[in-house]
file query.csv (CSV, C-alpha atoms)
chain,number,residue,atom,x,y,z
A,267,MET,CA,215.2,129.2,15.3
A,268,MET,CA,217.8,127.0,16.7
A,269,GLN,CA,216.2,127.5,20.1
A,270,VAL,CA,212.8,126.3,18.8
A,271,VAL,CA,214.4,123.1,17.4
A,272,LEU,CA,216.3,122.5,20.6
A,273,ILE,CA,213.3,122.8,22.8
A,274,LEU,CA,211.1,120.6,20.6
A,275,PHE,CA,213.8,117.9,20.2
A,276,GLY,CA,214.5,118.0,23.9
A,277,SER,CA,210.9,117.6,24.9
A,278,ILE,CA,210.0,115.0,22.3
A,279,ILE,CA,213.0,112.8,22.3
A,280,SER,CA,215.9,113.2,24.7
A,281,GLY,CA,214.0,114.7,27.6
A,282,ASN,CA,210.8,112.7,27.0
A,283,ILE,CA,208.5,113.2,29.9
A,284,ALA,CA,207.3,109.6,30.0
A,285,VAL,CA,210.6,107.8,29.9
A,286,SER,CA,213.0,110.2,31.5
A,287,TYR,CA,210.8,112.1,33.9
A,288,PHE,CA,208.2,109.4,34.5
A,289,LEU,CA,205.2,111.6,34.2
A,290,GLY,CA,201.8,110.2,33.4
A,291,MET,CA,203.0,106.7,34.3
A,292,CYS,CA,199.7,105.2,35.4
A,293,PRO,CA,197.9,105.6,32.0
A,294,PHE,CA,201.3,104.9,30.4
A,295,VAL,CA,201.3,101.4,31.8
A,296,THR,CA,197.6,100.6,31.9
A,297,ILE,CA,196.3,102.2,28.6
A,298,SER,CA,199.2,101.1,26.4
A,299,ARG,CA,197.6,97.7,26.1
A,300,ASN,CA,195.6,99.0,23.2
A,301,ILE,CA,197.3,101.2,20.5
A,302,SER,CA,194.2,103.1,19.3
A,303,VAL,CA,193.1,103.9,22.8
A,304,ALA,CA,196.7,105.0,23.5
A,305,ALA,CA,196.8,107.3,20.5
A,306,GLY,CA,193.5,108.9,21.5
A,307,MET,CA,194.7,109.5,25.0
A,308,GLY,CA,198.0,110.9,23.7
A,309,ALA,CA,196.2,113.3,21.4
A,310,ALA,CA,193.9,114.5,24.3
A,311,VAL,CA,197.0,114.9,26.6
A,312,THR,CA,198.8,117.0,24.0
A,313,ALA,CA,195.9,119.3,23.5
A,314,VAL,CA,195.2,119.7,27.2
A,315,MET,CA,198.8,120.0,28.1
A,316,THR,CA,199.5,122.9,25.7
A,317,LEU,CA,196.4,124.8,26.8
A,318,THR,CA,196.8,124.4,30.5
A,319,ALA,CA,200.5,125.2,30.5
A,320,ALA,CA,199.9,128.4,28.6
A,321,ALA,CA,197.0,129.3,30.9
A,322,ASN,CA,199.0,128.5,34.0
A,323,TRP,CA,202.0,130.5,32.7
A,324,ALA,CA,199.7,133.6,32.2
A,325,ILE,CA,198.0,133.2,35.6
A,326,ASN,CA,201.3,132.8,37.4
A,327,HIS,CA,203.0,135.6,35.6
A,328,PHE,CA,200.1,138.2,35.7
A,329,LEU,CA,198.3,137.2,38.9
A,330,LEU,CA,200.2,135.2,41.4
A,331,VAL,CA,203.7,136.8,41.1
A,332,PRO,CA,202.5,140.4,41.3
A,333,LEU,CA,200.2,139.6,44.2
A,334,GLY,CA,202.9,137.6,46.0
A,335,LEU,CA,200.8,134.5,46.1
A,336,GLU,CA,203.3,132.1,44.7
A,337,PHE,CA,202.6,129.6,47.6
A,338,LEU,CA,199.2,129.0,46.1
A,339,GLN,CA,200.7,127.8,42.8
A,340,PHE,CA,199.8,124.1,43.2
A,341,LEU,CA,196.3,124.8,44.2
A,342,VAL,CA,195.6,127.4,41.5
A,343,PHE,CA,197.2,125.2,38.8
A,344,ILE,CA,195.2,122.2,39.6
A,345,VAL,CA,192.0,124.2,39.7
A,346,THR,CA,192.9,125.8,36.3
A,347,ILE,CA,193.5,122.3,34.8
A,348,ALA,CA,190.2,120.9,36.1
A,349,THR,CA,188.3,124.0,34.8
A,350,ILE,CA,189.9,123.9,31.3
A,351,VAL,CA,189.3,120.1,31.0
A,352,GLN,CA,185.6,120.7,32.0
A,353,ILE,CA,185.2,123.5,29.5
A,354,LEU,CA,186.9,121.6,26.7
A,355,GLU,CA,184.7,118.6,27.4
A,356,MET,CA,181.5,120.7,27.1
A,357,LEU,CA,182.7,122.5,24.0
A,358,ILE,CA,183.7,119.4,22.2
A,359,ASP,CA,180.4,117.7,23.2
A,360,ARG,CA,178.5,120.7,21.9
A,361,TYR,CA,180.2,121.3,18.6
A,362,SER,CA,181.7,118.0,17.5
A,363,PRO,CA,179.9,114.9,18.9
A,364,LYS,CA,182.1,112.8,16.6
A,365,LEU,CA,185.3,114.1,18.1
A,366,TYR,CA,183.7,113.7,21.6
A,367,HIS,CA,183.1,110.0,21.0
A,368,ALA,CA,186.7,109.6,19.8
A,369,PHE,CA,188.4,111.1,22.8
A,370,GLY,CA,185.9,112.8,25.0
A,371,ILE,CA,186.0,109.8,27.3
A,372,TYR,CA,189.6,110.4,28.1
A,373,LEU,CA,189.2,114.0,29.2
A,374,PRO,CA,187.9,113.4,32.8
A,375,LEU,CA,190.9,111.1,33.3
A,376,ILE,CA,193.3,113.7,32.2
A,377,THR,CA,192.6,116.0,35.2
A,378,VAL,CA,194.4,113.5,37.4
A,379,ASN,CA,197.1,112.7,34.9
A,380,CYS,CA,200.3,113.9,36.6
A,381,ALA,CA,201.9,114.8,33.3
A,382,ILE,CA,199.6,117.7,32.9
A,383,LEU,CA,200.3,119.2,36.3
A,384,GLY,CA,204.0,118.2,35.9
A,385,ILE,CA,204.5,120.2,32.8
A,386,SER,CA,203.1,123.3,34.5
A,387,LEU,CA,205.5,122.9,37.3
A,388,PHE,CA,208.5,122.0,35.1
A,389,MET,CA,208.1,125.2,33.0
A,390,LEU,CA,208.2,127.2,36.3
A,391,LEU,CA,211.3,125.4,37.5
A,392,ARG,CA,213.0,126.0,34.1
A,393,GLY,CA,212.0,129.6,34.1
A,394,TYR,CA,210.6,129.5,30.6
A,395,GLY,CA,208.9,132.5,28.9
A,396,PHE,CA,205.5,132.3,27.2
A,397,GLY,CA,206.7,131.2,23.8
A,398,GLU,CA,209.1,128.6,25.2
A,399,THR,CA,206.3,127.3,27.5
A,400,VAL,CA,203.9,126.7,24.6
A,401,LEU,CA,206.6,125.0,22.6
A,402,TYR,CA,207.8,122.9,25.5
A,403,SER,CA,204.3,121.8,26.5
A,404,PHE,CA,203.3,121.0,23.0
A,405,GLY,CA,206.5,119.0,22.4
A,406,SER,CA,206.1,117.2,25.7
A,407,GLY,CA,202.6,116.2,24.7
A,408,ILE,CA,203.8,114.8,21.4
A,409,GLY,CA,206.7,113.1,23.2
A,410,TRP,CA,204.2,111.4,25.5
A,411,LEU,CA,202.0,110.4,22.6
A,412,LEU,CA,205.1,108.9,20.8
A,413,ALA,CA,206.2,107.0,23.9
A,414,ILE,CA,202.8,105.5,24.7
A,415,VAL,CA,202.1,104.5,21.1
A,416,SER,CA,205.6,102.9,20.8
A,417,LEU,CA,205.0,101.0,24.0
A,418,GLY,CA,201.7,99.8,22.8
A,419,ALA,CA,203.3,98.5,19.6
A,420,LEU,CA,206.0,96.8,21.6
A,421,ARG,CA,203.4,95.2,23.9
A,422,ARG,CA,201.7,93.7,20.8
A,423,ARG,CA,204.8,91.8,20.0
A,424,LEU,CA,204.7,90.2,23.4
A,425,VAL,CA,202.0,87.8,22.0
A,426,PHE,CA,204.9,86.1,20.2
A,427,SER,CA,207.2,85.8,23.2
A,428,ASN,CA,207.2,83.9,26.4
A,429,PRO,CA,208.4,86.0,29.3
A,430,PRO,CA,208.6,84.5,32.8
A,431,GLU,CA,205.1,84.1,34.0
A,432,HIS,CA,205.5,85.9,37.3
A,433,PHE,CA,206.4,89.2,35.6
A,434,GLY,CA,202.6,89.7,35.1
A,435,ALA,CA,201.4,92.4,32.8
A,436,THR,CA,202.9,95.3,34.8
A,437,GLY,CA,206.3,93.8,35.3
A,438,ILE,CA,207.1,92.9,31.7
A,439,THR,CA,205.7,96.4,30.6
A,440,ALA,CA,208.2,98.0,33.0
A,441,ILE,CA,211.0,96.1,31.4
A,442,LEU,CA,209.8,97.0,27.9
A,443,ALA,CA,209.6,100.6,28.9
A,444,GLY,CA,213.1,100.4,30.3
A,445,ILE,CA,214.5,99.1,27.0
A,446,MET,CA,212.6,101.8,25.1
A,447,ALA,CA,213.9,104.4,27.6
A,448,LEU,CA,217.4,103.4,26.7
A,449,ALA,CA,216.7,104.3,23.1
A,450,PHE,CA,215.2,107.7,24.0
A,451,ILE,CA,218.0,108.6,26.5
A,452,GLY,CA,220.6,107.6,23.9
A,453,PHE,CA,219.9,111.1,22.3
A,454,ALA,CA,220.7,112.9,25.5
A,455,GLY,CA,223.5,115.4,25.0
A,456,MET,CA,222.2,116.5,21.6
A,457,ALA,CA,219.6,118.6,23.4
A,458,SER,CA,218.6,118.6,27.0
B,165,MET,CA,194.8,85.3,91.3
B,166,GLY,CA,194.3,89.0,90.5
B,167,GLU,CA,197.7,89.1,89.0
B,168,GLN,CA,197.0,86.1,86.8
B,169,GLN,CA,193.8,87.7,85.5
B,170,ALA,CA,195.7,90.9,84.7
B,171,GLY,CA,198.3,88.8,83.0
B,172,LEU,CA,195.7,87.1,81.0
B,173,ARG,CA,194.0,90.3,79.9
B,174,VAL,CA,197.1,91.7,78.2
B,175,PRO,CA,197.5,89.0,75.5
B,176,ARG,CA,193.7,88.9,75.0
B,177,LYS,CA,193.7,92.6,74.3
B,178,GLY,CA,196.5,92.2,71.8
B,179,TYR,CA,194.7,89.3,70.4
B,180,ARG,CA,191.7,91.5,69.8
B,181,LEU,CA,193.8,94.1,68.2
B,182,PHE,CA,195.1,91.6,65.7
B,183,LYS,CA,191.5,90.3,65.0
B,184,SER,CA,189.9,93.8,64.7
B,185,GLN,CA,188.6,95.1,61.5
B,186,SER,CA,191.1,98.0,61.5
B,187,TRP,CA,194.0,95.6,61.7
B,188,LYS,CA,192.7,93.5,58.9
B,189,VAL,CA,192.2,96.6,56.7
B,190,LEU,CA,195.7,97.8,57.5
B,191,ILE,CA,197.3,94.5,56.5
B,192,GLU,CA,195.2,94.4,53.4
B,193,GLY,CA,196.5,97.7,52.4
B,194,LEU,CA,200.1,96.7,53.1
B,195,TRP,CA,200.1,93.5,51.0
B,196,HIS,CA,197.1,92.7,48.9
B,197,ASN,CA,196.2,96.2,48.0
B,198,ASN,CA,199.8,97.4,48.0
B,199,PRO,CA,199.7,100.5,45.7
B,200,ILE,CA,202.7,99.5,43.6
B,201,PHE,CA,202.4,95.8,43.0
B,202,GLY,CA,198.7,95.2,44.0
B,203,MET,CA,196.9,98.1,42.4
B,204,VAL,CA,199.6,99.6,40.1
B,205,LEU,CA,199.1,103.2,41.3
B,206,GLY,CA,201.5,106.0,42.0
B,207,LEU,CA,204.2,104.8,39.6
B,208,CYS,CA,205.6,108.3,38.7
B,209,SER,CA,207.1,108.9,42.1
B,210,THR,CA,208.2,105.3,42.5
B,211,LEU,CA,210.4,105.5,39.4
B,212,ALA,CA,211.5,109.1,39.9
B,213,VAL,CA,212.7,109.2,43.5
B,214,THR,CA,214.1,105.7,44.1
B,215,ASN,CA,217.6,106.6,42.9
B,216,LEU,CA,218.6,107.4,46.5
B,217,LEU,CA,217.3,106.0,49.8
B,218,THR,CA,217.1,109.5,51.4
B,219,ASN,CA,214.8,110.7,48.6
B,220,ALA,CA,212.7,107.6,48.7
B,221,PHE,CA,212.3,107.9,52.5
B,222,VAL,CA,211.3,111.6,52.4
B,223,MET,CA,208.9,110.9,49.6
B,224,SER,CA,207.3,107.9,51.4
B,225,MET,CA,206.8,109.9,54.6
B,226,SER,CA,205.3,112.9,52.7
B,227,VAL,CA,202.9,110.6,50.8
B,228,LEU,CA,202.0,108.8,54.1
B,229,VAL,CA,201.2,112.1,55.9
B,230,VAL,CA,199.2,113.5,53.0
B,231,LEU,CA,197.3,110.2,52.5
B,232,VAL,CA,196.4,109.7,56.2
B,233,VAL,CA,195.3,113.3,56.8
B,234,ASN,CA,193.5,113.5,53.5
B,235,SER,CA,191.6,110.3,54.1
B,236,LEU,CA,190.8,111.3,57.6
B,237,ILE,CA,189.4,114.7,56.6
B,238,ILE,CA,187.3,113.1,53.8
B,239,SER,CA,186.0,110.4,56.1
B,240,LEU,CA,185.0,113.0,58.7
B,241,LEU,CA,183.2,115.1,56.0
B,242,ARG,CA,181.8,112.1,54.1
B,243,ASN,CA,178.2,113.0,54.9
B,244,LEU,CA,178.7,116.6,54.0
B,245,ILE,CA,180.5,116.4,50.7
B,246,PRO,CA,178.0,116.6,47.8
B,247,ASP,CA,178.3,113.7,45.5
B,248,ARG,CA,178.7,115.7,42.3
B,249,VAL,CA,181.6,117.8,43.3
B,250,ARG,CA,183.5,115.3,45.4
B,251,MET,CA,186.4,115.0,43.0
B,252,ILE,CA,187.1,118.7,43.3
B,253,VAL,CA,186.8,118.5,47.0
B,254,TYR,CA,189.4,115.7,47.2
B,255,MET,CA,191.7,117.7,45.0
B,256,LEU,CA,191.4,120.9,47.0
B,257,ILE,CA,192.1,119.1,50.3
B,258,ALA,CA,195.0,117.2,48.8
B,259,SER,CA,196.5,120.4,47.3
B,260,SER,CA,196.3,122.3,50.5
B,261,LEU,CA,198.0,119.4,52.4
B,262,VAL,CA,200.7,119.1,49.8
B,263,ILE,CA,201.4,122.9,49.9
B,264,ALA,CA,201.9,122.5,53.7
B,265,VAL,CA,204.2,119.5,53.3
B,266,ASP,CA,206.2,121.2,50.6
B,267,MET,CA,206.8,124.2,52.8
B,268,VAL,CA,207.9,122.1,55.7
B,269,LEU,CA,210.3,120.2,53.5
B,270,ARG,CA,211.7,123.4,52.0
B,271,ILE,CA,212.5,124.7,55.5
B,272,THR,CA,213.7,121.6,57.2
B,273,LEU,CA,215.4,119.6,54.4
B,274,PRO,CA,216.3,122.1,51.7
B,275,GLU,CA,218.6,119.8,49.8
B,276,VAL,CA,216.2,116.8,49.6
B,277,SER,CA,213.4,119.2,48.7
B,278,LYS,CA,215.5,120.5,45.8
B,279,ALA,CA,216.3,117.0,44.7
B,280,LEU,CA,212.7,115.9,44.7
B,281,GLY,CA,211.8,119.1,42.8
B,282,ALA,CA,208.3,119.0,41.2
B,283,TYR,CA,207.7,115.5,42.4
B,284,VAL,CA,206.5,116.7,45.9
B,285,ALA,CA,203.9,118.8,44.2
B,286,LEU,CA,202.9,115.8,42.1
B,287,ILE,CA,201.7,114.1,45.2
B,288,ILE,CA,198.5,116.0,44.5
B,289,THR,CA,197.8,113.9,41.4
B,290,ASN,CA,199.2,110.7,42.9
B,291,CYS,CA,196.5,108.2,42.1
B,292,ILE,CA,196.9,106.6,45.5
B,293,ILE,CA,195.6,109.7,47.3
B,294,MET,CA,192.6,110.1,45.1
B,295,GLY,CA,192.1,106.3,44.9
B,296,ARG,CA,191.9,105.8,48.6
B,297,ALA,CA,189.6,108.8,49.0
B,298,GLU,CA,187.2,107.5,46.4
B,299,ALA,CA,187.4,103.8,47.1
B,300,PHE,CA,187.5,103.9,50.9
B,301,ALA,CA,187.4,107.1,52.9
B,302,ILE,CA,184.2,108.4,51.4
B,303,ASN,CA,182.2,105.4,52.6
B,304,ASN,CA,183.9,104.5,55.9
B,305,PRO,CA,184.1,105.9,59.5
B,306,PRO,CA,187.4,107.6,60.6
B,307,MET,CA,189.1,104.8,62.6
B,308,VAL,CA,189.0,102.2,59.8
B,309,THR,CA,189.9,104.9,57.3
B,310,ILE,CA,193.0,105.7,59.2
B,311,ALA,CA,194.0,102.1,59.3
B,312,ASP,CA,193.5,101.8,55.6
B,313,ALA,CA,195.5,104.9,54.8
B,314,VAL,CA,198.3,103.9,57.1
B,315,GLY,CA,198.4,100.4,55.6
B,316,VAL,CA,198.4,101.6,52.0
B,317,GLY,CA,200.9,104.4,52.9
B,318,LEU,CA,203.3,101.9,54.5
B,319,GLY,CA,202.8,99.5,51.6
B,320,TYR,CA,203.9,102.3,49.3
B,321,SER,CA,206.9,103.1,51.5
B,322,PHE,CA,207.9,99.4,51.6
B,323,SER,CA,207.9,99.2,47.8
B,324,LEU,CA,209.8,102.5,47.4
B,325,MET,CA,212.4,101.8,50.1
B,326,THR,CA,213.1,98.3,48.7
B,327,ILE,CA,213.6,99.5,45.2
B,328,ALA,CA,215.7,102.5,46.4
B,329,PHE,CA,217.8,100.2,48.6
B,330,PHE,CA,219.0,98.1,45.6
B,331,ARG,CA,219.3,101.0,43.2
B,332,GLU,CA,221.5,103.0,45.6
B,333,LEU,CA,223.5,100.0,46.8
B,334,LEU,CA,224.3,98.6,43.4
B,335,GLY,CA,224.2,101.9,41.5
B,336,PHE,CA,226.3,104.1,43.8
B,337,GLY,CA,227.7,101.6,46.3
B,338,THR,CA,226.2,103.7,49.1
B,339,LEU,CA,223.2,103.5,51.5
B,340,PHE,CA,221.7,106.8,52.7
B,341,GLY,CA,224.8,108.5,51.2
B,342,LEU,CA,227.2,106.4,53.3
B,343,ARG,CA,229.7,104.2,51.4
B,344,VAL,CA,229.1,100.5,52.1
B,345,LEU,CA,230.5,98.6,49.2
B,346,PRO,CA,234.3,98.7,48.7
B,347,ALA,CA,235.4,100.9,45.8
B,348,ALA,CA,236.7,97.7,44.1
B,349,VAL,CA,233.1,96.7,43.4
B,350,GLU,CA,232.1,98.2,40.1
B,351,PRO,CA,228.9,100.2,40.5
B,352,ILE,CA,226.2,99.4,37.9
B,353,GLN,CA,225.7,102.9,36.4
B,354,LEU,CA,222.6,101.8,34.5
B,355,LEU,CA,220.6,101.6,37.8
B,356,THR,CA,221.2,105.3,38.5
B,357,VAL,CA,219.6,106.6,35.2
B,358,PRO,CA,215.9,106.5,34.2
B,359,PRO,CA,215.9,103.3,32.2
B,360,GLY,CA,217.4,101.5,35.2
B,361,ALA,CA,214.4,102.6,37.2
B,362,PHE,CA,212.1,100.7,34.9
B,363,PHE,CA,214.3,97.6,35.1
B,364,ALA,CA,214.4,97.8,38.9
B,365,LEU,CA,210.6,98.1,39.0
B,366,GLY,CA,210.1,95.2,36.6
B,367,VAL,CA,212.4,92.9,38.6
B,368,PHE,CA,210.8,94.0,41.9
B,369,ILE,CA,207.4,93.1,40.6
B,370,LEU,CA,208.7,89.8,39.3
B,371,VAL,CA,210.2,88.9,42.7
B,372,ILE,CA,207.0,89.9,44.6
B,373,ASN,CA,204.8,88.0,42.3
B,374,ARG,CA,207.0,84.9,42.7
B,375,ILE,CA,206.7,85.2,46.5
B,376,ARG,CA,202.9,85.7,46.3
B,377,ALA,CA,202.5,82.7,44.0
B,378,GLY,CA,204.6,80.7,46.5
B,379,ARG,CA,202.4,81.8,49.4
B,380,GLY,CA,199.3,80.9,47.4
B,381,ASP,CA,198.0,84.4,47.3
B,382,SER,CA,195.5,84.2,44.5
B,383,LYS,CA,195.2,87.8,43.5
B,384,GLN,CA,197.8,87.9,40.7
B,385,GLU,CA,197.2,89.5,37.4
B,386,GLY,CA,197.8,87.3,34.5
B,387,GLY,CA,198.1,87.8,30.7
B,388,LYS,CA,200.4,90.1,28.9

call {"tool": "encode", "arguments": {"input": "query.csv", "output": "structure tokens"}}
result
Amino acid sequence: MMQVVLILFGSIISGNIAVSYFLGMCPFVTISRNISVAAGMGAAVTAVMTLTAAANWAINHFLLVPLGLEFLQFLVFIVTIATIVQILEMLIDRYSPKLYHAFGIYLPLITVNCAILGISLFMLLRGYGFGETVLYSFGSGIGWLLAIVSLGALRRRLVFSNPPEHFGATGITAILAGIMALAFIGFAGMAS
Amino acid sequence: MGEQQAGLRVPRKGYRLFKSQSWKVLIEGLWHNNPIFGMVLGLCSTLAVTNLLTNAFVMSMSVLVVLVVNSLIISLLRNLIPDRVRMIVYMLIASSLVIAVDMVLRITLPEVSKALGAYVALIITNCIIMGRAEAFAINNPPMVTIADAVGVGLGYSFSLMTIAFFRELLGFGTLFGLRVLPAAVEPIQLLTVPPGAFFALGVFILVINRIRAGRGDSKQEGGK
């Protein structure tokens, strides 16, 4: 039980993939302009991340390792991710057009979101078992959602402030993300 | 007379090189289309590996190699790749290249390879690789494509190395692992941890934008 709490806390707060491992940075900076879009993207990322990490764990454990094909890991992982995203898109489109309109548009973008591939690689590096992988990937997705929505909320407040003009949109977002990262990292040590 | 002519030809050749389309494309990639401050692509690795110059250098070179070879292959195959599956093709080519680069790094530079960890593999999903394939290589002949890839790759390296230079110098007091600042200078610990990476990137973009505004480069993003 303690282990479950630790993995979840670590992946959501102290080891947040967005602010302490810099995964999924491109959408993190570009999409956080709009909170509702950010939330939709975050939800899609959470779903895809959990599914793909579980699938990749199984493929790695039952296929690649026994066959001695570990060197193909990157290639196989990215193909799995692309396939799962494609299937998910078709299923959602077929059974829930409403849901499809809400976040179907984010799905194609997710294939190239480095957070998705990143989590599949991190679970390998950390040597997680199946249960831990599912927990970790789900927590990471939620953590990414939390981070991008918070950043979106912070950026809204920018309307009332007057940062140096040459920061541009990207520069000031980086500074904001840094301040936010300090808050997240502040919990480090409680769980890694 | 003959010598004079020969002497004349050399600068003219050079002149032509600097006027050629490839050169223009290369400079374009280096500055205007710089992946970090021009197009805002490939930020994951920019933030993650700039804590030390060595890491940043190895990362830059890996991205440069993958980018150039990937763009070249796609440019050569541009008339053969079916439009509908082109994304998958880009990814398969990029993954194969990254696997090769990762293997070479593991054998030649085991320590750096360990420090970079998963970020080498993440070159596959680095938007720069995909972006240049889709925006340039698929529509252009090989020579110009190479110029574009080299330009963008060097632009990426320039950004990474500059940020890493300041983060390592001020955060650890070293450069490429060699001590430069006297021990009396207090290192700024903040720059070595993740939040410091964001601050360094923000300030880097601020400085570059200021320089661009001073030079009258118009392409600067506004708003908040």

call {"tool": "residues_around", "arguments": {"input": "query.csv", "residues": "Tyr372 in chain A", "least_positions_apart": "3", "cutoff": "12 Å", "atoms": "only C-alpha atoms", "output": "VMD selection string"}}
result
chain A and resid 293 297 303 to 311 313 to 314 351 to 352 354 to 355 365 to 369 375 to 379

call {"tool": "atom_distance", "arguments": {"input": "query.csv", "atom1": "CA of Ala364 in chain B", "atom2": "CA of Glu332 in chain B"}}
result
11.1 Å

call {"tool": "atom_distance", "arguments": {"input": "query.csv", "atom1": "CA of Thr338 in chain B", "atom2": "CA of Gly366 in chain B"}}
result
22.1 Å

call {"tool": "closest_residue", "arguments": {"input": "query.csv", "among": "B:Asn219, B:Ile238, B:Val253, B:Ile200", "to": "Pro274 in chain B", "atoms": "all atoms listed in the file"}}
result
B:Asn219

call {"tool": "interface_residues", "arguments": {"input": "query.csv", "of": "chain B", "to": "chain A", "cutoff": "6 Å", "atoms": "only C-alpha atoms", "output": "mmCIF file with C-alpha atoms, in the coordinates of the input"}}
result
data_model
loop_
_atom_site.group_PDB
_atom_site.id
_atom_site.type_symbol
_atom_site.label_atom_id
_atom_site.label_comp_id
_atom_site.auth_asym_id
_atom_site.auth_seq_id
_atom_site.Cartn_x
_atom_site.Cartn_y
_atom_site.Cartn_z
ATOM 1 C CA LEU B 207 204.200 104.800 39.600
ATOM 2 C CA CYS B 208 205.600 108.300 38.700
ATOM 3 C CA SER B 259 196.500 120.400 47.300
ATOM 4 C CA THR B 289 197.800 113.900 41.400
ATOM 5 C CA PRO B 358 215.900 106.500 34.200
ATOM 6 C CA PRO B 359 215.900 103.300 32.200
ATOM 7 C CA PHE B 362 212.100 100.700 34.900
ATOM 8 C CA PHE B 363 214.300 97.600 35.100
ATOM 9 C CA GLY B 366 210.100 95.200 36.600
ATOM 10 C CA ILE B 369 207.400 93.100 40.600
ATOM 11 C CA LEU B 370 208.700 89.800 39.300
ATOM 12 C CA ASN B 373 204.800 88.000 42.300
ATOM 13 C CA ARG B 374 207.000 84.900 42.700
ATOM 14 C CA GLU B 385 197.200 89.500 37.400
ATOM 15 C CA GLY B 386 197.800 87.300 34.500
ATOM 16 C CA LYS B 388 200.400 90.100 28.900
#

call {"tool": "closest_residue", "arguments": {"input": "query.csv", "among": "B:Ile327, B:Val316, B:Val308, B:Ile252", "to": "Trp187 in chain B", "atoms": "only C-alpha atoms"}}
result
B:Val308

call {"tool": "atom_distance", "arguments": {"input": "query.csv", "atom1": "CA of Leu357 in chain A", "atom2": "CA of Thr318 in chain A"}}
result
15.6 Å

call {"tool": "residues_near_point", "arguments": {"input": "query.csv", "point": "(207.7, 119.3, 26.4)", "cutoff": "7 Å", "atoms": "only C-alpha atoms", "output": "ChimeraX atom specification"}}
result
/A:274,277-278,401-407

call {"tool": "residues_around", "arguments": {"input": "query.csv", "residues": "Ala454 in chain A", "least_positions_apart": "6", "cutoff": "9 Å", "atoms": "only C-alpha atoms", "output": "list in words"}}
result
Gly276, Ile279, Ser280 and Gly281 of chain A

call {"tool": "residues_around", "arguments": {"input": "query.csv", "residues": "Ser226 in chain B", "least_positions_apart": "3", "cutoff": "9 Å", "atoms": "only C-alpha atoms", "output": "NGL selection string"}}
result
:B and (221-223 or 229-231 or 262 or 265-266 or 269 or 284 or 287)

call {"tool": "write_last_selection", "arguments": {"input": "query.csv", "atoms": "C-alpha atoms", "output": "PDB file, keeping the file's coordinate frame"}}
result
ATOM      1  CA  PHE B 221     212.300 107.900  52.500  1.00  0.00           C
ATOM      2  CA  VAL B 222     211.300 111.600  52.400  1.00  0.00           C
ATOM      3  CA  MET B 223     208.900 110.900  49.600  1.00  0.00           C
ATOM      4  CA  VAL B 229     201.200 112.100  55.900  1.00  0.00           C
ATOM      5  CA  VAL B 230     199.200 113.500  53.000  1.00  0.00           C
ATOM      6  CA  LEU B 231     197.300 110.200  52.500  1.00  0.00           C
ATOM      7  CA  VAL B 262     200.700 119.100  49.800  1.00  0.00           C
ATOM      8  CA  VAL B 265     204.200 119.500  53.300  1.00  0.00           C
ATOM      9  CA  ASP B 266     206.200 121.200  50.600  1.00  0.00           C
ATOM     10  CA  LEU B 269     210.300 120.200  53.500  1.00  0.00           C
ATOM     11  CA  VAL B 284     206.500 116.700  45.900  1.00  0.00           C
ATOM     12  CA  ILE B 287     201.700 114.100  45.200  1.00  0.00           C
TER      13      ILE B 287
END

call {"tool": "closest_residue", "arguments": {"input": "query.csv", "among": "B:Leu240, B:Ile288, B:Ala282, B:Leu190", "to": "Gly206 in chain B", "atoms": "only C-alpha atoms"}}
result
B:Ile288

call {"tool": "closest_residue", "arguments": {"input": "query.csv", "among": "B:Gly341, B:Gly295, B:Pro346, B:Gly378", "to": "Pro199 in chain B", "atoms": "all atoms listed in the file"}}
result
B:Gly295

call {"tool": "decode", "arguments": {"input": "query.csv", "residues": "range 222-230 of chain B", "atoms": "N, CA and C atoms", "output": "PDB file, in the first residue's frame"}}
result
ATOM      1  N   VAL B 222      27.496  16.204 -26.815  1.00  0.00           N
ATOM      2  CA  VAL B 222      27.198  14.873 -27.360  1.00  0.00           C
ATOM      3  C   VAL B 222      25.772  14.839 -27.908  1.00  0.00           C
ATOM      4  N   MET B 223      24.860  15.458 -27.178  1.00  0.00           N
ATOM      5  CA  MET B 223      23.471  15.502 -27.621  1.00  0.00           C
ATOM      6  C   MET B 223      23.352  16.262 -28.946  1.00  0.00           C
ATOM      7  N   SER B 224      24.013  17.422 -29.023  1.00  0.00           N
ATOM      8  CA  SER B 224      23.946  18.222 -30.250  1.00  0.00           C
ATOM      9  C   SER B 224      24.427  17.426 -31.445  1.00  0.00           C
ATOM     10  N   MET B 225      25.575  16.752 -31.268  1.00  0.00           N
ATOM     11  CA  MET B 225      26.142  16.021 -32.386  1.00  0.00           C
ATOM     12  C   MET B 225      25.227  14.854 -32.788  1.00  0.00           C
ATOM     13  N   SER B 226      24.638  14.184 -31.786  1.00  0.00           N
ATOM     14  CA  SER B 226      23.737  13.066 -32.101  1.00  0.00           C
ATOM     15  C   SER B 226      22.543  13.569 -32.907  1.00  0.00           C
ATOM     16  N   VAL B 227      21.960  14.700 -32.447  1.00  0.00           N
ATOM     17  CA  VAL B 227      20.801  15.241 -33.161  1.00  0.00           C
ATOM     18  C   VAL B 227      21.207  15.667 -34.567  1.00  0.00           C
ATOM     19  N   LEU B 228      22.374  16.297 -34.682  1.00  0.00           N
ATOM     20  CA  LEU B 228      22.848  16.752 -35.996  1.00  0.00           C
ATOM     21  C   LEU B 228      22.966  15.575 -36.956  1.00  0.00           C
ATOM     22  N   VAL B 229      23.610  14.493 -36.487  1.00  0.00           N
ATOM     23  CA  VAL B 229      23.802  13.323 -37.346  1.00  0.00           C
ATOM     24  C   VAL B 229      22.456  12.737 -37.760  1.00  0.00           C
ATOM     25  N   VAL B 230      21.577  12.510 -36.781  1.00  0.00           N
ATOM     26  CA  VAL B 230      20.280  11.909 -37.098  1.00  0.00           C
ATOM     27  C   VAL B 230      19.494  12.816 -38.043  1.00  0.00           C
TER      28      VAL B 230
END
